[in-house]
Amino acid sequence: MSDIMLEIKNLHVNVADKEILKGVNLTIKKGEVHAIMGRNGSGKSTLSYALTGKEGYEITKGEILLDGENILEMEPNERAVAGLFLAFQYPIEIPGVTTMTFLKAAMNAQRKAKGQEELSTPDFMRAVKKTAQELDIDSSMLKRPLNVGFSGGEKKRAEILQMALLKPKMCIFDETDSGLDIDALKIVAKGVNALRNENRSMLIITHYQRLLNYIVPDIVHVFSDGKIVKTGDKELALELEKQGYSKFDEVS
Amino acid sequence: MAVRLKASEKILYNALIKAEAQNIADEFLQSGLPNRKNESYHYSDLKLLLDNIPDILENGEFSSEPEFNIAGAYNIFINNGRVEIAKKLPKDVEIGTISGTVFTPENDIVAKLNSALSKESLQLEIKGNLENIIYIEHRSNGQASFINDNIEIELLANANAIIIEIFTSSNNSHLSNHASRINLAENSNLTHIVLDLSAKENRHLYTLTYEVEKEARLNSLIIHKGANLARTQLFAKFVGENSHADFSGLTLAESEQHSDISINISHAVANTSSSENYKSVVRDRAKGIFQGKILVERDAQKIDAKMMHKGLMLSDDAQILVKPELEIYADDVICGHGATCGELDKDSLFYLMSRGIAYETARAMLIKAFLAEIFDFVENKNIHEILQKLIDDWLN
Ligand SMILES: Nc1ncnc2c1ncn2[C@@H]1O[C@H](COP(=O)(O)OP(=O)(O)O)[C@@H](O)[C@H]1O
Ligand SMILES: [Mg+2]
């Protein structure tokens with residue numbers, strides 16, 4: 001078995017007929033945590049949506065392999081079952097569906113797709129309660145419609161809760177730090193760190209270096225105008241923070 | 001001047017003559033069936049849509065079991081227009097029937113046809129705090145038949161009741177024309193739920209009229225799911241101060257169904273309030289229609305009325321037509337209306353799918369979420385389950 005979790009080769013993506021990603025190459029090994037840093041509008045969210053298969057993100061060239069498997073032809077739900085998870089920059093509010101109902105539907109959908117039996121209600125409740133507690137999520141929040149009226153911090157914690165319950169092997173975080181105060185950031189980082197292991201890889205998309213103090217990456221990439229322009233270790237993030245993005249624009 | 005009657009209208013005219021309803025027959029001769037030039041039938045041209053009128057028949061087999069068993073309910077059946085009442089009456093209810101025409105406060109030919117052609121009218125008088133739910137099942141059975149029935153309900157002062165009316169039918173192209181007229185006396189409280197679950201072959205016309213007196217409370221819910229052609233016309237009039245009503249409804253329409261809910265709310269006196277919340281979900285080539293009119297009369301100050309229609313279109317060939325209207329003659333009122341219409345939200349669908357939920361399931365979850373709100377107010381567990389199942393069945 002290969003030790004590569006995610007391999008993106010020369011990925012070009014159009015949105016509304018405009019090329020946004022212009023040849024992304026990225027290889028993430030099993031157990032590794034990578035960070036992508038780039039300024040607003042550089043195409044970071046586009047990358048996360050292209051990976052998860054959102055409609056309207058047209059792959060014009062390139063390949064995406066998850067654990068050796070080509071996922072480009074898969075529906076978003078099939079990619080999730082294959083082990084991909086995106087913590088959204090802006091989690092969607094769904095009135096009329098309680099968080100509990102949603103969590104159960106998601107967990108059982110994935111189990112069903114893998115040929116496993118549905119979770120019993122007590123098993124499900126136990127799993128949710130335990131994980132929610134670890135993330136400091138109040139049980140009243142679980143009874144509310146999904147993300148409706150949640151604060152910024154609650155939304156991000158709810159994303160991590162979903163991730164912890166679904167146990168994906170490749171996690172993408174799209175600006176999970178945005179809109180969080182330092183305490184909320186610490187809770188989220190703690191939740192993420194608890195999920196780090198040798199079989200799970202992570203891609204942390206961020207704009208600021210701040211989050212990377214709490215979730216320390218193995219490798220850092222600088223993203224500019226639709227591609228990766230520099231790769232280094234965690235020191236690169238600090239360098240970026242000091243010198244700003246403009247230095248890297250010249251490179252690209 | 002008399003209009004030229006179509007074949008189907010001639011049958012109706014002859015039926016009126018046979019029923020010795022000369023006045024209504026004369027009026028019908030002048031108007032014929034309502035067509036698109038009548039404002040309230042603009043989207044439901046009955047002259048066009050009612051192409052064959054079956055005979056008035058009382059055939060058919062009728063079960064002694066209700067379609068739904070609701071714990072503690074008092075069941076009344078109306079079988080092809082004939083009222084069947086159980087012998088043992090619940091406390092606080094008087095029941096009877098009268099034959100012949102009933103008073104039709106609505107200036108509407110469909111309601112007048114109903115009155116002239118119905119054989120007997122169910123009369124209910126409710127006093128006190130009713131423990132039993134009143135369950136009325138209108139059935140159109142046997143071969144295709146033209147069925148007319150009507151009900152008059154009087155909630156006496158301080159009465160409190162839940163009434164559920166269900167329409168069912170055999171798979172034949174009946175034409176059923178129903179009317180319910182309900183008076184809410186001072187400080188009475190009514191939850192009234194009406195479900196059309198008749199067969200797709202059926203044509204269903206329903207006139208529903210409320211009069212709301214001082215300090216009375218009404219919760220009204222109409223669901224259209226069954227008939228191929230369904231039209232409910234609701235007339236409500238607030239005639240006593242400090243009364244309030246919540247009107248709601250849901251249209252589930254598929255294949256070639258034509259489903260029309262038209263409401264007319266009249267705030268005739270001051271200090272009355274209402275809310276109107278209607279939703280339509282259509283798929284295939286179905287058509288959902290909502291017309292809502294709120295009238296506030298000249299001296300009716302301090303009125304609060306908010307009307308909302310939300311539509312969900314699940315296929316390109318389906319249609320939703322909405323016409324809200326406010327007619328306000330008083331100056332110190334808060335009235336408003338709104339409407340939204342569209343497909344399912346793509347971002348919501350993607351979000352659910354990105355968690356592993358398959359497209360069809362995600363879609364059903366979102367539609368269910370859209371619908372669930374409409375019967376949130378129903379506290380009775382049995383009835384809530386019936387409504388939930390009705391939606392689940394439609395979605396599966
Ligand atoms: N749905 C869309 N339609 C048109 N343009 C889009 C859409 N989404 C993103 N873009 C454009 O793509 C570029 C990259 O956006 P995005 O991936 O959101 O960047 P980032 O996440 O790095 O801030 C921006 O120029 C943005 O305007
Ligand atoms: Mg972004």
# chains A, B, ... in the order shown; residues from 1 in each chain; ligands from 1
$ interface_residues --of "chain A" --to "chain B" --cutoff "10 Å" --atoms "only C-alpha atoms" --output "ChimeraX atom specification"
/A:49,52-55,75-88,91-98,101-103,105-113,145,162-163,166,168
$ residues_around --residues "range 283-297 of chain B" --least-positions-apart "2" --cutoff "8 Å" --atoms "only C-alpha atoms" --output "VMD selection string"
chain B and resid 40 43 251 253 to 269 278 280 to 281 299 to 300 303 305 307 309 313 to 330
$ residues_near_ligand --ligand "ligand 1" --cutoff "10 Å" --atoms "only C-alpha atoms and all ligand atoms" --output "PDB file with C-alpha atoms, in the first residue's frame"
ATOM      1  CA  VAL A  13     -10.590  24.633 -12.497  1.00  0.00           C
ATOM      2  CA  ASN A  14     -13.005  27.057 -14.123  1.00  0.00           C
ATOM      3  CA  VAL A  15     -15.785  28.862 -12.288  1.00  0.00           C
ATOM      4  CA  ALA A  16     -18.362  30.586 -14.468  1.00  0.00           C
ATOM      5  CA  ASP A  17     -16.040  30.054 -17.458  1.00  0.00           C
ATOM      6  CA  LYS A  18     -13.162  31.827 -15.733  1.00  0.00           C
ATOM      7  CA  GLU A  19     -10.010  29.938 -14.860  1.00  0.00           C
ATOM      8  CA  ILE A  20      -9.495  30.174 -11.094  1.00  0.00           C
ATOM      9  CA  LEU A  21      -7.129  27.260 -10.403  1.00  0.00           C
ATOM     10  CA  ILE A  36      -2.206  26.326   2.531  1.00  0.00           C
ATOM     11  CA  MET A  37      -1.881  30.049   3.069  1.00  0.00           C
ATOM     12  CA  GLY A  38      -2.993  32.654   0.608  1.00  0.00           C
ATOM     13  CA  ARG A  39      -4.678  35.974   0.450  1.00  0.00           C
ATOM     14  CA  ASN A  40      -8.380  36.483  -0.185  1.00  0.00           C
ATOM     15  CA  GLY A  41      -9.472  35.667  -3.697  1.00  0.00           C
ATOM     16  CA  SER A  42      -6.421  33.520  -4.483  1.00  0.00           C
ATOM     17  CA  GLY A  43      -8.627  30.450  -5.023  1.00  0.00           C
ATOM     18  CA  LYS A  44      -8.357  28.558  -1.732  1.00  0.00           C
ATOM     19  CA  SER A  45     -12.083  27.907  -1.348  1.00  0.00           C
ATOM     20  CA  THR A  46     -12.251  27.007  -5.024  1.00  0.00           C
ATOM     21  CA  LEU A  47      -9.705  24.278  -4.336  1.00  0.00           C
ATOM     22  CA  SER A  48     -11.752  22.946  -1.414  1.00  0.00           C
ATOM     23  CA  TYR A  49     -14.952  22.870  -3.500  1.00  0.00           C
ATOM     24  CA  ALA A  50     -13.226  21.274  -6.476  1.00  0.00           C
ATOM     25  CA  GLU A  55     -21.537  21.829  -8.868  1.00  0.00           C
ATOM     26  CA  GLY A  56     -20.223  24.672 -10.985  1.00  0.00           C
ATOM     27  CA  TYR A  57     -16.552  23.941 -10.326  1.00  0.00           C
ATOM     28  CA  GLN A  89     -15.666  28.369   5.624  1.00  0.00           C
ATOM     29  CA  ASP A 174     -11.423  26.102   4.969  1.00  0.00           C
ATOM     30  CA  GLU A 175     -10.594  29.126   7.142  1.00  0.00           C
ATOM     31  CA  ILE A 205      -6.534  26.445   4.550  1.00  0.00           C
ATOM     32  CA  THR A 206      -5.985  29.751   6.215  1.00  0.00           C
ATOM     33  CA  HIS A 207      -5.297  33.352   5.685  1.00  0.00           C
ATOM     34  CA  PHE A 223      -1.000  29.885  -2.626  1.00  0.00           C
ATOM     35  CA  SER A 224      -1.244  32.729  -5.079  1.00  0.00           C
ATOM     36  CA  ASP A 225      -3.373  33.326  -8.150  1.00  0.00           C
ATOM     37  CA  GLY A 226      -4.659  29.774  -8.419  1.00  0.00           C
TER      38      GLY A 226
END
$ residues_around --residues "range 236-245 of chain A" --least-positions-apart "3" --cutoff "10 Å" --atoms "only C-alpha atoms" --output "PyMOL selection string"
chain A and resi 35-39+207-210+212-213+217+219-224+230-233+248-250
$ residues_around --residues "Ala25 in chain B" --least-positions-apart "6" --cutoff "8 Å" --atoms "only C-alpha atoms" --output "PyMOL selection string"
chain B and resi 13+16-17
$ residues_around --residues "Thr340 in chain B" --least-positions-apart "5" --cutoff "9 Å" --atoms "only C-alpha atoms" --output "PyMOL selection string"
chain B and resi 308-312
$ select_by_dssp --residues "range 18-251 of chain A" --states "helix (DSSP H, G or I)" --output "NGL selection string"
:A and (44-52 or 76-81 or 99-113 or 121-134 or 139-143 or 152-166 or 182-194 or 210-213 or 235-243 or 246-251)
$ residues_around --residues "Lys29 in chain A" --least-positions-apart "5" --cutoff "7 Å" --atoms "only C-alpha atoms" --output "list of chain:residue names"
A:Asp3, A:Ile4, A:Met5, A:Leu6
$ write_last_selection --atoms "N, CA and C atoms" --output "PDB file, in the first residue's frame"
ATOM      1  N   ASP A   3       1.893   5.177   0.672  1.00  0.00           N
ATOM      2  CA  ASP A   3       1.771   6.021   1.861  1.00  0.00           C
ATOM      3  C   ASP A   3       1.195   7.392   1.497  1.00  0.00           C
ATOM      4  N   ILE A   4       0.636   7.518   0.281  1.00  0.00           N
ATOM      5  CA  ILE A   4       0.085   8.809  -0.146  1.00  0.00           C
ATOM      6  C   ILE A   4      -1.430   8.852   0.064  1.00  0.00           C
ATOM      7  N   MET A   5      -1.892   9.896   0.715  1.00  0.00           N
ATOM      8  CA  MET A   5      -3.326  10.046   0.963  1.00  0.00           C
ATOM      9  C   MET A   5      -4.002  10.825  -0.165  1.00  0.00           C
ATOM     10  N   LEU A   6      -3.442  11.990  -0.475  1.00  0.00           N
ATOM     11  CA  LEU A   6      -4.083  12.835  -1.492  1.00  0.00           C
ATOM     12  C   LEU A   6      -3.043  13.286  -2.501  1.00  0.00           C
TER      13      LEU A   6
END
$ atom_distance --atom1 "CA of Lys130 in chain A" --atom2 "CA of Leu165 in chain A"
10.1 Å
$ atom_distance --atom1 "CA of Thr104 in chain B" --atom2 "CA of Ile153 in chain B"
13.8 Å
$ residues_around --residues "Ala158 in chain A" --least-positions-apart "2" --cutoff "9 Å" --atoms "only C-alpha atoms" --output "list in words"
Pro91, Thr99, Ala132, Leu135, Ile137, Leu142, Leu146, Asn147, Gly153, Glu154, Lys155, Lys156, Ile160, Leu161, Gln162 and Met163 of chain A
$ atom_distance --atom1 "CA of Phe103 in chain B" --atom2 "CA of Ser115 in chain B"
7.5 Å
$ select_by_dssp --residues "range 123-313 of chain B" --states "strand (DSSP E)" --output "PyMOL selection string"
chain B and resi 123-126+134-140+146-155+160-169+175-184+189-196+203-212+217-224+229-238+244-253+258-267+273-282+287-296+303-313
$ closest_residue --among "B:Ile334, B:Leu250, B:Ile56, B:Leu175" --to "Asn271 in chain B" --atoms "only C-alpha atoms"
B:Ile334
$ closest_residue --among "A:Ser246, A:Asn193, A:Thr176, A:Asn25" --to "Leu211 in chain A" --atoms "only C-alpha atoms"
A:Thr176
